[in-house]
Structures are given as structure tokens and as C-alpha cells.
$ cat final-v4.pdb   # PDB, N, CA and C atoms, pLDDT in the B column
ATOM      1  N   MET T1186      60.035 -39.963  23.556  1.00 47.00           N
ATOM      2  CA  MET T1186      58.774 -40.512  23.998  1.00 47.00           C
ATOM      3  C   MET T1186      57.757 -39.390  24.200  1.00 47.00           C
ATOM      4  N   GLY T1187      58.185 -38.262  24.816  1.00 44.00           N
ATOM      5  CA  GLY T1187      57.286 -37.142  25.019  1.00 44.00           C
ATOM      6  C   GLY T1187      56.793 -36.580  23.691  1.00 44.00           C
ATOM      7  N   TYR T1188      57.640 -36.614  22.685  1.00 50.00           N
ATOM      8  CA  TYR T1188      57.278 -36.125  21.359  1.00 50.00           C
ATOM      9  C   TYR T1188      56.162 -36.969  20.756  1.00 50.00           C
ATOM     10  N   MET T1189      56.192 -38.247  20.982  1.00 51.00           N
ATOM     11  CA  MET T1189      55.191 -39.175  20.451  1.00 51.00           C
ATOM     12  C   MET T1189      53.816 -38.881  21.059  1.00 51.00           C
ATOM     13  N   LEU T1190      53.785 -38.435  22.315  1.00 49.00           N
ATOM     14  CA  LEU T1190      52.507 -38.142  22.957  1.00 49.00           C
ATOM     15  C   LEU T1190      51.936 -36.814  22.476  1.00 49.00           C
ATOM     16  N   LEU T1191      52.786 -35.855  22.131  1.00 50.00           N
ATOM     17  CA  LEU T1191      52.329 -34.554  21.687  1.00 50.00           C
ATOM     18  C   LEU T1191      51.775 -34.589  20.255  1.00 50.00           C
ATOM     19  N   TYR T1192      52.285 -35.458  19.439  1.00 52.00           N
ATOM     20  CA  TYR T1192      51.870 -35.502  18.037  1.00 52.00           C
ATOM     21  C   TYR T1192      50.365 -35.734  17.874  1.00 52.00           C
ATOM     22  N   PRO T1193      49.763 -36.707  18.554  1.00 54.00           N
ATOM     23  CA  PRO T1193      48.309 -36.875  18.401  1.00 54.00           C
ATOM     24  C   PRO T1193      47.526 -35.668  18.914  1.00 54.00           C
ATOM     25  N   ILE T1194      47.985 -35.044  19.971  1.00 56.00           N
ATOM     26  CA  ILE T1194      47.283 -33.874  20.507  1.00 56.00           C
ATOM     27  C   ILE T1194      47.360 -32.727  19.510  1.00 56.00           C
ATOM     28  N   LEU T1195      48.541 -32.486  18.928  1.00 53.00           N
ATOM     29  CA  LEU T1195      48.689 -31.433  17.926  1.00 53.00           C
ATOM     30  C   LEU T1195      47.824 -31.720  16.709  1.00 53.00           C
ATOM     31  N   THR T1196      47.772 -32.964  16.295  1.00 59.00           N
ATOM     32  CA  THR T1196      46.956 -33.350  15.142  1.00 59.00           C
ATOM     33  C   THR T1196      45.478 -33.091  15.418  1.00 59.00           C
ATOM     34  N   ILE T1197      45.047 -33.431  16.618  1.00 59.00           N
ATOM     35  CA  ILE T1197      43.642 -33.209  16.988  1.00 59.00           C
ATOM     36  C   ILE T1197      43.341 -31.718  17.002  1.00 59.00           C
ATOM     37  N   ASN T1198      44.256 -30.900  17.533  1.00 64.00           N
ATOM     38  CA  ASN T1198      44.045 -29.449  17.556  1.00 64.00           C
ATOM     39  C   ASN T1198      43.976 -28.872  16.155  1.00 64.00           C
ATOM     40  N   ILE T1199      44.847 -29.331  15.270  1.00 62.00           N
ATOM     41  CA  ILE T1199      44.848 -28.841  13.887  1.00 62.00           C
ATOM     42  C   ILE T1199      43.542 -29.222  13.207  1.00 62.00           C
ATOM     43  N   GLU T1200      43.111 -30.476  13.391  1.00 65.00           N
ATOM     44  CA  GLU T1200      41.858 -30.922  12.783  1.00 65.00           C
ATOM     45  C   GLU T1200      40.678 -30.141  13.367  1.00 65.00           C
ATOM     46  N   SER T1201      40.723 -29.884  14.651  1.00 67.00           N
ATOM     47  CA  SER T1201      39.655 -29.124  15.301  1.00 67.00           C
ATOM     48  C   SER T1201      39.606 -27.707  14.746  1.00 67.00           C
ATOM     49  N   ASN T1202      40.779 -27.087  14.564  1.00 68.00           N
ATOM     50  CA  ASN T1202      40.838 -25.737  13.987  1.00 68.00           C
ATOM     51  C   ASN T1202      40.325 -25.728  12.559  1.00 68.00           C
ATOM     52  N   ASN T1203      40.667 -26.767  11.792  1.00 68.00           N
ATOM     53  CA  ASN T1203      40.188 -26.867  10.413  1.00 68.00           C
ATOM     54  C   ASN T1203      38.661 -26.990  10.393  1.00 68.00           C
ATOM     55  N   MET T1204      38.110 -27.795  11.308  1.00 71.00           N
ATOM     56  CA  MET T1204      36.658 -27.967  11.375  1.00 71.00           C
ATOM     57  C   MET T1204      35.993 -26.653  11.778  1.00 71.00           C
ATOM     58  N   ASN T1205      36.633 -25.921  12.712  1.00 74.00           N
ATOM     59  CA  ASN T1205      36.087 -24.623  13.122  1.00 74.00           C
ATOM     60  C   ASN T1205      36.099 -23.631  11.961  1.00 74.00           C
ATOM     61  N   ALA T1206      37.206 -23.625  11.208  1.00 72.00           N
ATOM     62  CA  ALA T1206      37.309 -22.726  10.062  1.00 72.00           C
ATOM     63  C   ALA T1206      36.254 -23.082   9.014  1.00 72.00           C
ATOM     64  N   THR T1207      36.053 -24.359   8.793  1.00 79.00           N
ATOM     65  CA  THR T1207      35.033 -24.802   7.837  1.00 79.00           C
ATOM     66  C   THR T1207      33.648 -24.393   8.312  1.00 79.00           C
ATOM     67  N   GLN T1208      33.386 -24.579   9.600  1.00 81.00           N
ATOM     68  CA  GLN T1208      32.087 -24.207  10.171  1.00 81.00           C
ATOM     69  C   GLN T1208      31.884 -22.690  10.089  1.00 81.00           C
ATOM     70  N   ASP T1209      32.942 -21.924  10.366  1.00 81.00           N
ATOM     71  CA  ASP T1209      32.843 -20.461  10.269  1.00 81.00           C
ATOM     72  C   ASP T1209      32.525 -20.032   8.838  1.00 81.00           C
ATOM     73  N   ALA T1210      33.201 -20.638   7.868  1.00 83.00           N
ATOM     74  CA  ALA T1210      32.942 -20.314   6.462  1.00 83.00           C
ATOM     75  C   ALA T1210      31.513 -20.675   6.094  1.00 83.00           C
ATOM     76  N   SER T1211      31.051 -21.810   6.562  1.00 87.00           N
ATOM     77  CA  SER T1211      29.680 -22.237   6.292  1.00 87.00           C
ATOM     78  C   SER T1211      28.681 -21.266   6.933  1.00 87.00           C
ATOM     79  N   ASN T1212      28.953 -20.857   8.165  1.00 88.00           N
ATOM     80  CA  ASN T1212      28.082 -19.900   8.844  1.00 88.00           C
ATOM     81  C   ASN T1212      28.057 -18.562   8.113  1.00 88.00           C
ATOM     82  N   ASP T1213      29.232 -18.100   7.657  1.00 89.00           N
ATOM     83  CA  ASP T1213      29.297 -16.838   6.910  1.00 89.00           C
ATOM     84  C   ASP T1213      28.481 -16.924   5.627  1.00 89.00           C
ATOM     85  N   ALA T1214      28.614 -18.043   4.922  1.00 90.00           N
ATOM     86  CA  ALA T1214      27.856 -18.223   3.678  1.00 90.00           C
ATOM     87  C   ALA T1214      26.359 -18.233   3.972  1.00 90.00           C
ATOM     88  N   GLN T1215      25.956 -18.935   5.017  1.00 92.00           N
ATOM     89  CA  GLN T1215      24.530 -18.984   5.378  1.00 92.00           C
ATOM     90  C   GLN T1215      24.027 -17.605   5.793  1.00 92.00           C
ATOM     91  N   ASN T1216      24.842 -16.848   6.515  1.00 93.00           N
ATOM     92  CA  ASN T1216      24.452 -15.493   6.921  1.00 93.00           C
ATOM     93  C   ASN T1216      24.260 -14.586   5.708  1.00 93.00           C
ATOM     94  N   LYS T1217      25.129 -14.722   4.705  1.00 94.00           N
ATOM     95  CA  LYS T1217      24.978 -13.931   3.478  1.00 94.00           C
ATOM     96  C   LYS T1217      23.683 -14.282   2.768  1.00 94.00           C
ATOM     97  N   ILE T1218      23.393 -15.569   2.690  1.00 95.00           N
ATOM     98  CA  ILE T1218      22.141 -16.015   2.057  1.00 95.00           C
ATOM     99  C   ILE T1218      20.949 -15.467   2.831  1.00 95.00           C
ATOM    100  N   ASN T1219      21.008 -15.553   4.151  1.00 94.00           N
ATOM    101  CA  ASN T1219      19.908 -15.054   4.981  1.00 94.00           C
ATOM    102  C   ASN T1219      19.692 -13.558   4.779  1.00 94.00           C
ATOM    103  N   ARG T1220      20.795 -12.791   4.710  1.00 95.00           N
ATOM    104  CA  ARG T1220      20.673 -11.344   4.498  1.00 95.00           C
ATOM    105  C   ARG T1220      20.031 -11.046   3.144  1.00 95.00           C
ATOM    106  N   LYS T1221      20.437 -11.787   2.107  1.00 96.00           N
ATOM    107  CA  LYS T1221      19.857 -11.579   0.780  1.00 96.00           C
ATOM    108  C   LYS T1221      18.378 -11.926   0.772  1.00 96.00           C
ATOM    109  N   LEU T1222      18.010 -13.011   1.465  1.00 96.00           N
ATOM    110  CA  LEU T1222      16.597 -13.378   1.544  1.00 96.00           C
ATOM    111  C   LEU T1222      15.784 -12.322   2.279  1.00 96.00           C
ATOM    112  N   ILE T1223      16.343 -11.787   3.347  1.00 96.00           N
ATOM    113  CA  ILE T1223      15.646 -10.737   4.103  1.00 96.00           C
ATOM    114  C   ILE T1223      15.470  -9.502   3.233  1.00 96.00           C
ATOM    115  N   GLU T1224      16.512  -9.102   2.502  1.00 96.00           N
ATOM    116  CA  GLU T1224      16.408  -7.946   1.610  1.00 96.00           C
ATOM    117  C   GLU T1224      15.347  -8.188   0.536  1.00 96.00           C
ATOM    118  N   TYR T1225      15.343  -9.394  -0.038  1.00 96.00           N
ATOM    119  CA  TYR T1225      14.357  -9.736  -1.066  1.00 96.00           C
ATOM    120  C   TYR T1225      12.946  -9.671  -0.483  1.00 96.00           C
ATOM    121  N   ASN T1226      12.770 -10.221   0.716  1.00 96.00           N
ATOM    122  CA  ASN T1226      11.456 -10.208   1.356  1.00 96.00           C
ATOM    123  C   ASN T1226      11.001  -8.780   1.666  1.00 96.00           C
ATOM    124  N   GLU T1227      11.926  -7.931   2.082  1.00 96.00           N
ATOM    125  CA  GLU T1227      11.580  -6.535   2.340  1.00 96.00           C
ATOM    126  C   GLU T1227      11.104  -5.849   1.059  1.00 96.00           C
ATOM    127  N   THR T1228      11.783  -6.124  -0.046  1.00 95.00           N
ATOM    128  CA  THR T1228      11.384  -5.570  -1.337  1.00 95.00           C
ATOM    129  C   THR T1228       9.992  -6.065  -1.715  1.00 95.00           C
ATOM    130  N   GLN T1229       9.758  -7.371  -1.536  1.00 96.00           N
ATOM    131  CA  GLN T1229       8.448  -7.934  -1.857  1.00 96.00           C
ATOM    132  C   GLN T1229       7.363  -7.326  -0.971  1.00 96.00           C
ATOM    133  N   ASN T1230       7.655  -7.147   0.310  1.00 96.00           N
ATOM    134  CA  ASN T1230       6.680  -6.537   1.217  1.00 96.00           C
ATOM    135  C   ASN T1230       6.347  -5.115   0.786  1.00 96.00           C
ATOM    136  N   ASP T1231       7.367  -4.354   0.385  1.00 96.00           N
ATOM    137  CA  ASP T1231       7.123  -2.991  -0.092  1.00 96.00           C
ATOM    138  C   ASP T1231       6.195  -3.006  -1.310  1.00 96.00           C
ATOM    139  N   LEU T1232       6.465  -3.913  -2.254  1.00 96.00           N
ATOM    140  CA  LEU T1232       5.615  -4.008  -3.441  1.00 96.00           C
ATOM    141  C   LEU T1232       4.193  -4.401  -3.073  1.00 96.00           C
ATOM    142  N   ILE T1233       4.056  -5.337  -2.143  1.00 97.00           N
ATOM    143  CA  ILE T1233       2.726  -5.787  -1.717  1.00 97.00           C
ATOM    144  C   ILE T1233       1.953  -4.636  -1.096  1.00 97.00           C
ATOM    145  N   PHE T1234       2.582  -3.893  -0.193  1.00 96.00           N
ATOM    146  CA  PHE T1234       1.884  -2.802   0.470  1.00 96.00           C
ATOM    147  C   PHE T1234       1.539  -1.671  -0.498  1.00 96.00           C
ATOM    148  N   LYS T1235       2.434  -1.381  -1.435  1.00 97.00           N
ATOM    149  CA  LYS T1235       2.136  -0.356  -2.437  1.00 97.00           C
ATOM    150  C   LYS T1235       0.962  -0.792  -3.313  1.00 97.00           C
ATOM    151  N   THR T1236       0.938  -2.069  -3.683  1.00 97.00           N
ATOM    152  CA  THR T1236      -0.154  -2.592  -4.503  1.00 97.00           C
ATOM    153  C   THR T1236      -1.467  -2.541  -3.735  1.00 97.00           C
ATOM    154  N   ARG T1237      -1.437  -2.937  -2.467  1.00 96.00           N
ATOM    155  CA  ARG T1237      -2.661  -2.872  -1.655  1.00 96.00           C
ATOM    156  C   ARG T1237      -3.165  -1.441  -1.528  1.00 96.00           C
ATOM    157  N   LYS T1238      -2.253  -0.494  -1.386  1.00 96.00           N
ATOM    158  CA  LYS T1238      -2.645   0.914  -1.271  1.00 96.00           C
ATOM    159  C   LYS T1238      -3.323   1.383  -2.558  1.00 96.00           C
ATOM    160  N   ARG T1239      -2.739   1.008  -3.708  1.00 97.00           N
ATOM    161  CA  ARG T1239      -3.346   1.384  -4.995  1.00 97.00           C
ATOM    162  C   ARG T1239      -4.720   0.745  -5.160  1.00 97.00           C
ATOM    163  N   LEU T1240      -4.838  -0.535  -4.792  1.00 97.00           N
ATOM    164  CA  LEU T1240      -6.129  -1.221  -4.905  1.00 97.00           C
ATOM    165  C   LEU T1240      -7.178  -0.581  -4.007  1.00 97.00           C
ATOM    166  N   PHE T1241      -6.779  -0.195  -2.806  1.00 96.00           N
ATOM    167  CA  PHE T1241      -7.706   0.463  -1.895  1.00 96.00           C
ATOM    168  C   PHE T1241      -8.222   1.765  -2.504  1.00 96.00           C
ATOM    169  N   LYS T1242      -7.308   2.541  -3.094  1.00 97.00           N
ATOM    170  CA  LYS T1242      -7.720   3.790  -3.735  1.00 97.00           C
ATOM    171  C   LYS T1242      -8.662   3.527  -4.908  1.00 97.00           C
ATOM    172  N   LEU T1243      -8.348   2.501  -5.708  1.00 97.00           N
ATOM    173  CA  LEU T1243      -9.210   2.169  -6.844  1.00 97.00           C
ATOM    174  C   LEU T1243     -10.593   1.735  -6.380  1.00 97.00           C
ATOM    175  N   GLU T1244     -10.653   0.924  -5.333  1.00 97.00           N
ATOM    176  CA  GLU T1244     -11.946   0.489  -4.800  1.00 97.00           C
ATOM    177  C   GLU T1244     -12.737   1.682  -4.285  1.00 97.00           C
ATOM    178  N   HIS T1245     -12.065   2.583  -3.599  1.00 96.00           N
ATOM    179  CA  HIS T1245     -12.729   3.777  -3.081  1.00 96.00           C
ATOM    180  C   HIS T1245     -13.279   4.620  -4.231  1.00 96.00           C
ATOM    181  N   ASN T1246     -12.441   4.840  -5.249  1.00 97.00           N
ATOM    182  CA  ASN T1246     -12.877   5.632  -6.405  1.00 97.00           C
ATOM    183  C   ASN T1246     -14.019   4.944  -7.147  1.00 97.00           C
ATOM    184  N   PHE T1247     -13.961   3.619  -7.240  1.00 97.00           N
ATOM    185  CA  PHE T1247     -15.025   2.868  -7.914  1.00 97.00           C
ATOM    186  C   PHE T1247     -16.345   3.017  -7.162  1.00 97.00           C
ATOM    187  N   ARG T1248     -16.298   2.948  -5.833  1.00 96.00           N
ATOM    188  CA  ARG T1248     -17.519   3.127  -5.031  1.00 96.00           C
ATOM    189  C   ARG T1248     -18.092   4.530  -5.224  1.00 96.00           C
ATOM    190  N   LEU T1249     -17.201   5.527  -5.257  1.00 97.00           N
ATOM    191  CA  LEU T1249     -17.680   6.894  -5.499  1.00 97.00           C
ATOM    192  C   LEU T1249     -18.307   7.015  -6.887  1.00 97.00           C
ATOM    193  N   LEU T1250     -17.723   6.356  -7.883  1.00 97.00           N
ATOM    194  CA  LEU T1250     -18.271   6.383  -9.239  1.00 97.00           C
ATOM    195  C   LEU T1250     -19.658   5.743  -9.267  1.00 97.00           C
ATOM    196  N   ILE T1251     -19.801   4.588  -8.621  1.00 97.00           N
ATOM    197  CA  ILE T1251     -21.100   3.912  -8.574  1.00 97.00           C
ATOM    198  C   ILE T1251     -22.129   4.794  -7.875  1.00 97.00           C
ATOM    199  N   LEU T1252     -21.727   5.440  -6.781  1.00 97.00           N
ATOM    200  CA  LEU T1252     -22.631   6.350  -6.071  1.00 97.00           C
ATOM    201  C   LEU T1252     -23.047   7.511  -6.970  1.00 97.00           C
ATOM    202  N   ALA T1253     -22.104   8.087  -7.693  1.00 97.00           N
ATOM    203  CA  ALA T1253     -22.408   9.204  -8.597  1.00 97.00           C
ATOM    204  C   ALA T1253     -23.356   8.758  -9.705  1.00 97.00           C
ATOM    205  N   ILE T1254     -23.140   7.576 -10.255  1.00 97.00           N
ATOM    206  CA  ILE T1254     -24.025   7.060 -11.307  1.00 97.00           C
ATOM    207  C   ILE T1254     -25.428   6.821 -10.747  1.00 97.00           C
ATOM    208  N   ALA T1255     -25.499   6.278  -9.522  1.00 96.00           N
ATOM    209  CA  ALA T1255     -26.804   6.037  -8.900  1.00 96.00           C
ATOM    210  C   ALA T1255     -27.549   7.347  -8.663  1.00 96.00           C
ATOM    211  N   ILE T1256     -26.842   8.354  -8.178  1.00 97.00           N
ATOM    212  CA  ILE T1256     -27.473   9.658  -7.936  1.00 97.00           C
ATOM    213  C   ILE T1256     -27.928  10.279  -9.257  1.00 97.00           C
ATOM    214  N   THR T1257     -27.071  10.213 -10.263  1.00 96.00           N
ATOM    215  CA  THR T1257     -27.417  10.766 -11.577  1.00 96.00           C
ATOM    216  C   THR T1257     -28.632  10.043 -12.155  1.00 96.00           C
ATOM    217  N   GLY T1258     -28.648   8.740 -12.044  1.00 95.00           N
ATOM    218  CA  GLY T1258     -29.793   7.968 -12.538  1.00 95.00           C
ATOM    219  C   GLY T1258     -31.072   8.313 -11.788  1.00 95.00           C
ATOM    220  N   SER T1259     -30.974   8.451 -10.491  1.00 95.00           N
ATOM    221  CA  SER T1259     -32.152   8.799  -9.693  1.00 95.00           C
ATOM    222  C   SER T1259     -32.675  10.180 -10.049  1.00 95.00           C
ATOM    223  N   VAL T1260     -31.774  11.151 -10.166  1.00 95.00           N
ATOM    224  CA  VAL T1260     -32.177  12.510 -10.523  1.00 95.00           C
ATOM    225  C   VAL T1260     -32.800  12.520 -11.910  1.00 95.00           C
ATOM    226  N   THR T1261     -32.215  11.786 -12.843  1.00 95.00           N
ATOM    227  CA  THR T1261     -32.761  11.716 -14.207  1.00 95.00           C
ATOM    228  C   THR T1261     -34.150  11.098 -14.185  1.00 95.00           C
ATOM    229  N   ALA T1262     -34.320  10.031 -13.425  1.00 94.00           N
ATOM    230  CA  ALA T1262     -35.629   9.382 -13.332  1.00 94.00           C
ATOM    231  C   ALA T1262     -36.655  10.313 -12.716  1.00 94.00           C
ATOM    232  N   LEU T1263     -36.275  11.017 -11.661  1.00 93.00           N
ATOM    233  CA  LEU T1263     -37.208  11.965 -11.044  1.00 93.00           C
ATOM    234  C   LEU T1263     -37.571  13.112 -11.981  1.00 93.00           C
ATOM    235  N   MET T1264     -36.584  13.594 -12.720  1.00 93.00           N
ATOM    236  CA  MET T1264     -36.845  14.677 -13.689  1.00 93.00           C
ATOM    237  C   MET T1264     -37.780  14.163 -14.785  1.00 93.00           C
ATOM    238  N   GLY T1265     -37.592  12.929 -15.175  1.00 91.00           N
ATOM    239  CA  GLY T1265     -38.490  12.334 -16.180  1.00 91.00           C
ATOM    240  C   GLY T1265     -39.901  12.252 -15.653  1.00 91.00           C
ATOM    241  N   LEU T1266     -40.072  11.883 -14.387  1.00 90.00           N
ATOM    242  CA  LEU T1266     -41.413  11.853 -13.796  1.00 90.00           C
ATOM    243  C   LEU T1266     -42.030  13.227 -13.737  1.00 90.00           C
ATOM    244  N   VAL T1267     -41.211  14.236 -13.412  1.00 88.00           N
ATOM    245  CA  VAL T1267     -41.706  15.609 -13.344  1.00 88.00           C
ATOM    246  C   VAL T1267     -42.175  16.051 -14.719  1.00 88.00           C
ATOM    247  N   VAL T1268     -41.381  15.749 -15.747  1.00 88.00           N
ATOM    248  CA  VAL T1268     -41.720  16.170 -17.103  1.00 88.00           C
ATOM    249  C   VAL T1268     -42.993  15.448 -17.571  1.00 88.00           C
ATOM    250  N   VAL T1269     -43.084  14.155 -17.292  1.00 86.00           N
ATOM    251  CA  VAL T1269     -44.234  13.376 -17.747  1.00 86.00           C
ATOM    252  C   VAL T1269     -45.501  13.819 -17.018  1.00 86.00           C
ATOM    253  N   ASN T1270     -45.384  14.057 -15.728  1.00 84.00           N
ATOM    254  CA  ASN T1270     -46.555  14.439 -14.937  1.00 84.00           C
ATOM    255  C   ASN T1270     -46.770  15.943 -14.869  1.00 84.00           C
ATOM    256  N   GLY T1271     -45.844  16.700 -15.405  1.00 68.00           N
ATOM    257  CA  GLY T1271     -45.766  18.115 -15.283  1.00 68.00           C
ATOM    258  C   GLY T1271     -46.824  18.933 -15.781  1.00 68.00           C
TER     259      GLY T1271
END

$ encode --input "final-v4.pdb" --output "C-alpha cells"
Amino acid sequence: MGYMLLYPILTINIESNNMNATQDASNDAQNKINRKLIEYNETQNDLIFKTRKRLFKLEHNFRLLILAIAITGSVTALMGLVVVNG
């Protein structure tokens, strides 16, 4: 009679352990996916910041080029006025 009472308890414990093992495996798989996503996002962030840095440099150089062209044009125009009125 005592054996009959232990059987359902043992069965419940085994099923509970199986569910825990399944949950642990699922958690491990999800953790691996999360780590891969974090690594991928870090790589993407690095690329984004490097691209922004390059764009900033290009914009800065472009502004300097426009300034140089404006100065050159102004000096040329003034020299032309000097020559014409000279």
C-alpha cells in the first residue's frame, strides 16, 4: 500500500525534473541567441559610429573647400576690379 502512494509522487518529481531540464535547455538556447544578437548589434554600432565619423570629416572638408573657393573667387574678383580700374 505504501508503494502505491509513492509511485504518483515519484512520477510527479520525474515529470517536474523533465520540465525543469526542458526549461533550462530553452533558457540556454535563448541566452545564446541573445548573446549573438548583442554581438551583432555591437558590430552594427561600430560600423555606424565609424561611418558617422567619416561623414563628419567629409562635411568638414567640404566646408573648408567651399570657403577656399569663396575666398579665391573674391580675391579674383577684387584683382579684376584693380586691373580694370588700375

$ axis_aligned_box --input "final-v4.pdb" --around "region 1240-1243 of chain T" --padding-each-side "6 Å" --output "JSON"
{"center_x": -7.7, "center_y": 1.3, "center_z": -4.4, "size_x": 17.8, "size_y": 17.0, "size_z": 16.9}

$ atom_distance --input "final-v4.pdb" --atom1 "CA of Asp1213 (chain T)" --atom2 "CA of Thr1228 (chain T)"
22.7 Å

$ atom_distance --input "final-v4.pdb" --atom1 "atom N of Phe1247 (chain T)" --atom2 "CA of Ile1233 (chain T)"
19.9 Å

$ atom_distance --input "final-v4.pdb" --atom1 "atom N of Arg1248 (chain T)" --atom2 "atom N of Asn1230 (chain T)"
26.7 Å
